[in-house]
Each structure stands twice: as structure tokens, then as C-alpha cells.
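What follows is a set of notes on a single structure, which appears directly below.
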Amino acid sequence: SVRNEMALANAQQLINKCNEKCFQKCVTKPGTSLSGSEETCLSRCIDRYLEAFNVVSRAYTDRLKERQERP
Amino acid sequence: SVRNEMALANAQQLINKCNEKCFQKCVTKPGTSLSGSEETCLSRCIDRYLEAFNVVSRAYTDRLKERQERP
Amino acid sequence: SVRNEMALANAQQLINKCNEKCFQKCVTKPGTSLSGSEETCLSRCIDRYLEAFNVVSRAYTDRLKERQERP
Amino acid sequence: MDAFPQKELATFVENEQAQQRLNSSIHTFTDMCWDKCVTGLPSTQFSRSEASCLSNCVNRFLDTSLFLVKKIEEQREASRN
Amino acid sequence: MDAFPQKELATFVENEQAQQRLNSSIHTFTDMCWDKCVTGLPSTQFSRSEASCLSNCVNRFLDTSLFLVKKIEEQREASRN
Amino acid sequence: MDAFPQKELATFVENEQAQQRLNSSIHTFTDMCWDKCVTGLPSTQFSRSEASCLSNCVNRFLDTSLFLVKKIEEQREASRN
């Protein structure tokens, strides 16, 4: 269905962005494998990025609702 | 008309770019509303970005004319 | 042919990226013409960017082959 | 296509496209606000200043957009007089 | 379509597309030159160094492009000999 | 089209598109790894640390991608139990 396709595309874009931002932040000098501290940083970064996505998403949709109630 | 549509798209892209660059420069720690100093910064930034657009536009079109006169 | 068109598009994108990255790195305060030291920097930068492209390309294709051999 | 009249299909497509633009904006805003607000190494929770920066970020961006449009219209008015 | 022959329509579309590419380039160059030249807080006018940086920026970018193409062609020549 | 059956054409197009995606990824990775690894002024050859950074960069990015997917699946599993 169109709804499922869009939800999948949305999830894929979120994963790609999260990957890009967390690699940028946590792996500053790429070595021959991911170190323990790099993996700890990545784990935290992933949680924080998904949280940031939810905070931003809620702030934006709340704003749009406000604008509909007080045009 | 096609001309009007293109002029409108061009203006919209300029506004979007100006918005992005000036928010980046002037609102470094977003608060609960835009402060007086943030608004002053934004007002100047907007004037400067539009001015930069004109300077760059003229430099580029002058260069293209030059290349037509001396191929 | 499709192959030639794709090779041409690939070369064009590489030239565009190289141009962007090396202008960014070597021409920090644009003057009325490219100086000798700017041209030296650009010459080295171009060689290094093309080398980086080959290193990255080989690392990526090797990784894809590995994944095919050990699924 | 008897079960799905043309008009309802057009409305459905319009809504799905609006939802897609919304999703796209949220990704762009998250990217921008992450870069602006989360400047240090990530921790097990956001600091108070990171959290308030993230929740204010989109609203201040939209306020900036309104400010810009208002300024441009004021300059147009002034140039007509 | 008698009032707008096929050949003139093709020329019109080509010109409009060329204009669109020009506009698109100007936006890209303004973005790049703003980031390179306007590094501090904006003021009520550009400083002398900001102004000259902005007017030189595009031309030096295009010079860089010519330099790059020339270098690649010189390397091709050398590899043929 | 007798010389080029439908099935072989579909396979050809699929392969060309896969090659195009590969090329596109290599450009994106080169851009990302250049910014990460080549931080100073360019020289007549890469330093040892620049060279090893560039050859490790793509692989660590792909490892990060696997790590991310694994973490998300672990969190899904945990939320089911």
C-alpha cells in the first residue's frame, strides 16, 4: 500500500541520516575496526538522534496545529 | 506564463537560502522567542545576503559575456 | 552507448567534486587572479583527490566482493 | 475504478503528498537542529540546554521565516511610496 | 499550434532551460561565496575585504575549473607519449 | 527488437542501474572520507595517517551501518518481550 511504502521510505531516510551524523561524530579517525569507545559513542548517538527526531517532529506538528486553530 | 513561474521559483529559492544562512548565523542558541539582538542580526543578514546574491550574479553574468566576446 | 554516457557522467561528477573541494581548500581569500601558491595547492589537491577517489573506490568494491563470498 | 471515484482519488493523492512533504521537512529540521544543538559527544541523555535548544529550534526557524517575509514586504511597501 | 511553429517552440524551451541553469548556478555560487567570504556577524554594510572577496569569488572558482581541466588534459597528453 | 529479447533487456537495465548506484555511492564516500581524513593542506603525497584513514573510512562507515541496524533490531526484540 502507499501508506506502507511511505512509512518504509521515512524509516530508511531516518536510518541513513542517523548513520551519517553518528559516524561523523563518533568515528573521527577510522581504524581497522570499530573500537569499544566508538561503539559506546555510536550507541548513545543513535538513541539521541532518534530522540531528537521525535522532539523536532512533535514541535513541528504542534506548530502546524496551532496555525490551523489561530489562522 | 513560463517566465513568471521561473521568476517565482527563483525568488522562492533565494528566500529559502537566505532563511537558512541567516538562521544559522544569527540564532545560535534558539530560545523561547527571537530576541531583539537576534532580530537585529537577522535584519542585517537578510540585507547582506540579498546584496551578496546581486554581487555574485553580476560577476557571473559579466564573466559569461566576456567569454562570448573573446571565445 | 549507455556505457559511454555513464562513464562520461561519472567523470563529470568527479571533476565537479574535485573542483569544489580543492577551491574550498586552496582559495580561502579569492583575489583578482589565482596566485602561484594557490595554483601549487590546487595542483597537489587535484592529484590527492583523484587518489582518494581510487582508494575509496577499491576499498568499497573489495568490501562488496567479500560480502558476496561470505554471505 | 468504480469503487474509487476520481475526486476521492485526487484528495487521497493530495493528502499523501502533503504527508510526504511534512516527513521531508521533519528530516531536514532534525538534521539542522542536531547540528545546531548537539555539539559535543553524545551522552546517555540530553543536557537541559540541548533539550531546550532542540524543542525551540524549529519554532525559531519558522519565526525567522516569518520575519524575513515581513521584512521583504515592508521594503516593497517602502519602495512603492 | 499554427501560431507557434515547432522550431520556435524548441528554441524557446532551450532558452528557458539555459536561463534556469544560470539561475541555479547563481544560487549555488552565492551559497559557496557567502560561506567563504562572510565569516563574522553581519553588519550594516560589507567590509572592504568581504566585498572584494564576494566579487572575486565566482571568477576564481571558474579559473579553478579551467586549471583543473587543463591539468587533466596535460596528464592525458603525457601518458600518451 | 528480435535481437534483444525482453528478458535480457531487463537484466541489462538492472545491471546498468546497479552500476550507477555503485558509482553514486563512491562519489558520496569519497566526499565524506576526504572531509574526514584530509584536514590540512594537500601535499605531494598522503601522509601515513591520511592514507590509512582513507582506506579504513568506507569499511568503518559500513560497520557503523551494520551496528545501527543490529541495535534497532535488538530494541525491537526487547520491546516485544
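Residue numbering restarts at 1 in every chain; chains get A, B, ... in the order shown in the C-alpha cells, and ligands count up from 1 in that same order.
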Task: Within 12 Å of B:Ala9 using only C-alpha atoms, minus same-chain residues under 5 positions, as a ChimeraX atom specification - done: /B:2-4,14-16 /E:20,23-24,27
For the reference chain E, what are the coordinates of chain F after least-squares fitting (all Cα, in-order pairing), as a compact mmCIF listing (two decimals) with C-alpha atoms, in the first residue's frame?
# COMPACT_ATOMS: atom_id res chain seq x y z
CA MET F 1 -0.23 25.31 -32.77
CA ASP F 2 -0.13 27.18 -36.06
CA ALA F 3 0.96 30.39 -34.33
CA PHE F 4 3.96 28.71 -32.68
CA PRO F 5 5.99 26.57 -35.09
CA GLN F 6 7.82 23.52 -33.75
CA LYS F 7 11.24 25.06 -34.32
CA GLU F 8 10.52 28.24 -32.38
CA LEU F 9 9.01 26.22 -29.54
CA ALA F 10 12.18 24.12 -29.32
CA THR F 11 14.32 27.28 -29.22
CA PHE F 12 12.06 28.81 -26.56
CA VAL F 13 12.28 25.72 -24.34
CA GLU F 14 16.07 25.59 -24.81
CA ASN F 15 16.45 29.24 -23.78
CA GLU F 16 14.21 28.82 -20.74
CA GLN F 17 16.24 25.77 -19.65
CA ALA F 18 19.51 27.65 -20.14
CA GLN F 19 18.12 30.50 -18.01
CA GLN F 20 17.08 27.97 -15.35
CA ARG F 21 20.59 26.49 -15.27
CA LEU F 22 22.02 29.99 -14.96
CA ASN F 23 19.69 30.82 -12.05
CA SER F 24 20.56 27.54 -10.36
CA SER F 25 24.30 28.25 -10.70
CA ILE F 26 23.88 31.73 -9.21
CA HIS F 27 22.19 30.23 -6.12
CA THR F 28 24.96 27.65 -5.73
CA PHE F 29 27.69 30.29 -6.14
CA THR F 30 26.03 32.71 -3.70
CA ASP F 31 25.84 29.92 -1.09
CA MET F 32 29.51 28.98 -1.61
CA CYS F 33 30.81 32.55 -1.70
CA TRP F 34 28.74 33.61 1.35
CA ASP F 35 30.28 30.79 3.40
CA LYS F 36 33.76 31.67 2.17
CA CYS F 37 33.62 35.46 2.41
CA VAL F 38 31.14 36.43 5.13
CA THR F 39 32.65 34.74 8.16
CA GLY F 40 31.75 37.09 11.02
CA LEU F 41 28.51 38.67 12.21
CA PRO F 42 26.65 40.63 9.53
CA SER F 43 26.92 44.40 9.67
CA THR F 44 25.11 47.38 8.07
CA GLN F 45 27.40 47.05 5.07
CA PHE F 46 30.10 44.68 3.84
CA SER F 47 33.68 45.42 4.87
CA ARG F 48 36.12 46.14 2.00
CA SER F 49 37.62 42.66 2.26
CA GLU F 50 34.19 40.97 2.31
CA ALA F 51 33.07 42.96 -0.74
CA SER F 52 36.18 42.19 -2.80
CA CYS F 53 36.08 38.52 -1.74
CA LEU F 54 32.48 38.26 -2.96
CA SER F 55 33.17 39.89 -6.34
CA ASN F 56 36.32 37.79 -6.96
CA CYS F 57 34.87 34.51 -5.68
CA VAL F 58 32.97 33.30 -8.76
CA ASN F 59 35.75 34.25 -11.16
CA ARG F 60 38.40 32.41 -9.13
CA PHE F 61 36.10 29.37 -8.94
CA LEU F 62 35.79 29.38 -12.74
CA ASP F 63 39.58 29.89 -13.07
CA THR F 64 40.00 26.83 -10.81
CA SER F 65 37.72 24.87 -13.11
CA LEU F 66 39.84 25.84 -16.16
CA PHE F 67 43.03 24.98 -14.24
CA LEU F 68 41.66 21.55 -13.35
CA VAL F 69 40.59 20.72 -16.91
CA LYS F 70 43.96 21.93 -18.28
CA LYS F 71 45.85 19.78 -15.77
CA ILE F 72 43.83 16.67 -16.59
CA GLU F 73 44.42 17.18 -20.33
CA GLU F 74 48.18 17.71 -19.76
CA GLN F 75 48.30 14.43 -17.83
CA ARG F 76 46.47 12.66 -20.66
CA GLU F 77 48.94 14.06 -23.24
CA ALA F 78 51.89 12.97 -21.07
CA SER F 79 50.48 9.46 -20.69
CA ARG F 80 50.11 9.13 -24.49
CA ASN F 81 53.81 9.97 -25.10
TODO: List every residue of chain E that DSSP, applied to the backbone of this structure, places in alpha helix (DSSP H), and write the result as a ChimeraX atom specification.
DONE: /E:6-37,48-80
Each chain B residue no farther than 8 Å from chain E, nearest pair in Å, only C-alpha atoms, as JSON lines:
{"residue": "B:Arg3", "atom": "CA", "partner": "E:Glu16", "partner_atom": "CA", "distance": 7.9}
{"residue": "B:Met6", "atom": "CA", "partner": "E:Gln20", "partner_atom": "CA", "distance": 7.4}
{"residue": "B:Asn10", "atom": "CA", "partner": "E:Asn23", "partner_atom": "CA", "distance": 7.0}
{"residue": "B:Gln13", "atom": "CA", "partner": "E:His27", "partner_atom": "CA", "distance": 7.8}
{"residue": "B:Leu14", "atom": "CA", "partner": "E:His27", "partner_atom": "CA", "distance": 7.1}
{"residue": "B:Lys17", "atom": "CA", "partner": "E:Asp31", "partner_atom": "CA", "distance": 7.5}
{"residue": "B:Lys25", "atom": "CA", "partner": "E:Leu41", "partner_atom": "CA", "distance": 7.1}
{"residue": "B:Cys26", "atom": "CA", "partner": "E:Leu41", "partner_atom": "CA", "distance": 7.7}
{"residue": "B:Cys41", "atom": "CA", "partner": "E:Pro42", "partner_atom": "CA", "distance": 6.5}
{"residue": "B:Arg44", "atom": "CA", "partner": "E:Pro42", "partner_atom": "CA", "distance": 5.9}
{"residue": "B:Cys45", "atom": "CA", "partner": "E:Pro42", "partner_atom": "CA", "distance": 5.2}
{"residue": "B:Arg48", "atom": "CA", "partner": "E:Pro42", "partner_atom": "CA", "distance": 7.0}
{"residue": "B:Tyr49", "atom": "CA", "partner": "E:Trp34", "partner_atom": "CA", "distance": 7.5}
{"residue": "B:Ala52", "atom": "CA", "partner": "E:Thr30", "partner_atom": "CA", "distance": 6.6}
{"residue": "B:Phe53", "atom": "CA", "partner": "E:Thr30", "partner_atom": "CA", "distance": 5.5}
{"residue": "B:Val55", "atom": "CA", "partner": "E:Ser55", "partner_atom": "CA", "distance": 6.0}
{"residue": "B:Val56", "atom": "CA", "partner": "E:Thr30", "partner_atom": "CA", "distance": 6.0}
{"residue": "B:Ser57", "atom": "CA", "partner": "E:Ile26", "partner_atom": "CA", "distance": 5.8}
{"residue": "B:Ala59", "atom": "CA", "partner": "E:Ser55", "partner_atom": "CA", "distance": 6.1}
{"residue": "B:Tyr60", "atom": "CA", "partner": "E:Val58", "partner_atom": "CA", "distance": 6.4}
{"residue": "B:Arg63", "atom": "CA", "partner": "E:Asn59", "partner_atom": "CA", "distance": 7.2}
